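Novice: This structure is in structure tokens; I'll ask about it shortly.
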Amino acid sequence: MFSSKIYISRRNILKSKIKSGIILFLGNDESPINYSGNTYQFRQDSSFLYYFGLDEPGLVGVIDVDENKEILFGDDVSLEDTVWTGPMPKLLEKRTLVGVENSQPKKNLHDYIKRAILLKKKIHFLPQYRAENVIKLSSIIGHPNSLVNKNTSVELIKAVVSQREIKTKEEIAEIEKAVNISHQMYKVAMKKIKPGLYEKEIVGIMEGLASSKGSGISFPMIFSIHGEILHNHYHGNIMKEKDIVVVDSGAESLMHYASDITRTIPVGGKFTKKQKDIYNIVLAAHNEAISNIKPGIKYKYIHLLAAKVIAKGLKEIGLMKGSIDEAVEQGAHALFFPHGLGHMLGLDVHDMEGLGEDYVGYNNLISRSKQFGLAYLRLAKELQPGFVLTVEPGIYFIPDLIKIWKEEKKFTNNINYNEVEKYLDFGGIRLENDVVVEEKGYRILGKKIPITVKEVEEACG
Ligand code: GLY
Ligand code: MN
Ligand code: MN
């Protein structure tokens with residue numbers, strides 16, 4: 001964890017933004033797999049981690065803004081518990097680590113909140129993504145389960161986003177540690193991917209590295225010879241000589257900051273001419289996007305720049321036609337690039353997505369498009385120094401989408417369906433790096449992971 005000063009300062013800033021009431025941060029509890037004693041790897045809530053730093057179950061953090069008081073609610077483990085867990089620090093020691101001056105047993109939380117409600121104080125809480133936390137909150141604040149996520153504090157959401165979206169140098173260093181774990185994962189993957197192996201044989205090695213070097217993976221790995229399926233978590237295919245594999249994966253640093261990296265790797269070690277042509281278009285879009293990142297520019301603009309590079313490249317090889325500007329404005333390129341260019345990255349791989357994507361990626365100056373493709377852009381607003389984000393363009397040949405668009409005669413001015421149909425068994429290509437916005441531009445985080453055709457083929461050896 002960071003020093004207590006950092007958590008104290010984060011909470012003080014939050015207090016200055018939320019003028020009154022009580023702020024309630026529920027930590028996560030253990031989550032059972034198939035019976036209560038057999039649990040998933042514990043993952044603390046990221047906002048709790050950000051303000052209270054403690055990476056363990058059974059805790060609730062309260063910031064009483066009106067009384068300028070912070071309380072950690074939790075319980076010391078009993079002697080009997082320590083037979084199973086080993087000696088555990090006391091609540092007093094835990095709160096001291098993160099500079100909190102008060103602690104109380106968990107059973108007092110209900111009364112504390114009840115009293116505040118009687119005094120007509122506002123209880124601020126964030127949206128909940130775990131069912132058991134919805135139930136807990138429901139019992140603490142007395143709202144029915146179905147209303148908990150409707151009664152969240154927009155004031156708190158906005159305040160938390162405004163803090164967590166600007167990464168400090170300590171946080172950037174943590175994200176960079178995670179990217180450097182990814183660096184090792186990709187170097188090994190490029191060496192080990194071979195025709196005849198199951199996808200999961202490499203997935204296992206990569207996940208093992210993430211666990212041995214950090215806190216494990218930051219999201220379930222996408223590793224597939226069917227890269228055209230954007231979030232494909234099936235790893236049971238045997239890889240063949242001419243296949244390409246989309247490998248989209250991330251690691252967590254020990255403090256749970258995430259990386260999120262994608263490479264597309266030729267199973268036989270060399271790309272075919274057809275694969276290389278598409279690959280280089282994606283790489284050009286990636287490079288064009290990154291080189292334009294700077295404070296003050298809208299990420300939607302960067303997304304559209306990448307889309308134009310993709311449309312132009314596809315026109316050059318005969319898959320698209322007509323005006324590139326018009327094609328991108330109307331969304332014709334989304335047949336091939338149907339997702340957003342990227343998202344914020346931090347304690348969550350899609351940082352703060354649990355608070356509501358639009359609070360994170362949009363604001364009162366820019367709202368989400370309804371156009372297919374652009375609608376999936378998670379980050380559109382103006383960039384600021386300290387934002388850490390992903391840049392992840394891709395080109396995919398999705399047979400069902402191509403078939404339906406052709407039947408519906410969509411964008412026939414911009415798409416050569418007869419040529420596109422020659423790529424129905426191509427799969428997909430995506431490339432992704434993690435970038436910090438700096439005062440004067442940008443920096444790609446971490447050690448360089450092979451990305452050009454030449455670098456990837458060399459790394460495949
Ligand atoms: N987790 C997939 C991605 O955003 O890259
Ligand atoms: Mn990714
Ligand atoms: Mn990503």
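All residue names refer to the structure tokens as shown: chains lettered A, B, ... in order, residues numbered from 1 in each chain, ligands numbered from 1 in order.
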List all protein, DNA and RNA residues that have at least one atom no more than 10 Å from any atom of ligand 1, counting only C-alpha atoms and all ligand atoms, and write them as a PyMOL selection string.
Specialist: chain A and resi 218-222+230-232+247-250+259-262+339-345+349-350+378+390-393+430-433
Novice: Among segment 10-212 of chain A, which ones does DSSP place in helix (DSSP H, G or I), written as a ChimeraX atom specification?
Specialist: /A:10-17,46-52,79-85,91-97,108-118,131-141,145-148,154-164,169-192,199-212
Novice: Can you tell me, as a list of chain:residue names, which residues in segment 212-374 of chain A count as strand (DSSP E) by DSSP?
Specialist: A:Ile222, A:Phe223, A:Ser224, A:Ile244, A:Val245, A:Val246, A:Val247, A:Asp248, A:Ser249, A:Ile261, A:Thr262, A:Arg263, A:Thr264, A:Ile265, A:Pro266
Novice: Nearest to Asn416 of chain A: which of A:Arg164, A:Ala332, A:Ser139, A:Ile265 is it, counting only C-alpha atoms?
Specialist: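 So, comparing all the options, the nearest one is A:Ala332.
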Novice: Excluding segment 352-355 of chain A and any residue of its chain fewer than 5 positions from it, enumerate the residues within 10 Å of it, using only C-alpha atoms, and give them as a list in words.
Specialist: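 Surrounding residues, per the criterion: Asp45, Ser46, Ser47, Leu126, Pro127, Gln128, Tyr129, Arg130, Thr152, Val154, Leu156, Ile157, Lys158, Val160, Val161, Arg164, Glu165, His343, Met344, Leu345, Gly346, Leu347, Val360, Gly361 and Arg378 of chain A.
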Novice: Of the candidates A:Gly27, A:Gly53, A:Gly204, A:Gly37, which one gets nearest to Gly99 of chain A if we count only C-alpha atoms?
Specialist: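 Answer, going by the shortest atom-to-atom distance: A:Gly53.
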Novice: Point out the residue among A:Met255, A:Ile71, A:Leu92, A:Ile18 with the least atom-to-atom distance to Ile172 of chain A, counting only C-alpha atoms.
Specialist: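 Going through A:Met255, A:Ile71, A:Leu92, A:Ile18 one by one, the smallest distance to Ile172 of chain A is for A:Met255.
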Novice: If you measure from atom CA of Ile229 of chain A to atom CA of Leu374 of chain A, what distance in Å do you get, rounded to one decimal?
Specialist: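 According to the coordinates, atom CA of Ile229 of chain A and atom CA of Leu374 of chain A are separated by 17.7 Å.
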Novice: Contacts of Met1 of chain A at 12 Å or less, counting only C-alpha atoms, minus same-chain residues fewer than 5 places along, as a ChimeraX atom specification?
Specialist: /A:6-7,49-56,94,97-98,170-171,174,253-257
Novice: What's around segment 282-294 of chain A at 10 Å? Count only C-alpha atoms, leave out sequence neighbours fewer than 4 positions away in its own chain, and write the answer as a ChimeraX atom specification.
Specialist: /A:276-278,298-299,301-313,337,341,382-385,390-395,429-444,451-453
Novice: Rank A:Ala258, A:Ala173, A:Ile113, A:Ile33 by their smallest atom-to-atom distance to ligand 3, using only C-alpha atoms and all ligand atoms, and report the top residue only.
Specialist: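 Closest to ligand 3 of all the choices is A:Ala258.
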Novice: Can you work out the spacing between atom CA of Glu329 of chain A and atom CA of Ser369 of chain A in Å, to one decimal?
Specialist: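 Between these atoms lies a distance of 11.5 Å.
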Novice: Find the spatial neighbours of Gln275 of chain A, counting only C-alpha atoms, within a cut-off of 9 Å - ignore same-chain residues fewer than 3 positions away - and output them as a list in words.
Specialist: Ile244, Pro266, Phe271, Thr272, Ile278, Tyr279, Asn280, Phe426 and Ile429 of chain A
Novice: Of the candidates A:Lys122, A:Arg11, A:Arg43, A:Arg368, which shows the shortest atom-to-atom distance to Ile217 of chain A, using only C-alpha atoms?
Specialist: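 Of all the options, A:Arg43 lies closest to Ile217 of chain A.
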Novice: Would you list the contacts of Gln104 of chain A as a list in words, taking every protein, DNA or RNA residue within 8 Å and counting only C-alpha atoms, but skipping same-chain residues closer than 6 positions in sequence?
Specialist: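 My list of contacting residues is Ile71, Leu72, Phe73, Gly74 and Asp75 of chain A.
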Novice: Looking at A:Gly216, A:Gly269, A:Gly227, A:Pro32, which one is nearest to Lys192 of chain A, with distances taken over only C-alpha atoms?
Specialist: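 Once distances to Lys192 of chain A are computed over only C-alpha atoms, the minimum belongs to A:Gly269.
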Novice: Please report the interatomic distance between atom CA of Ile193 of chain A and atom CA of Val267 of chain A in Å with one decimal.
Specialist: 5.9 Å
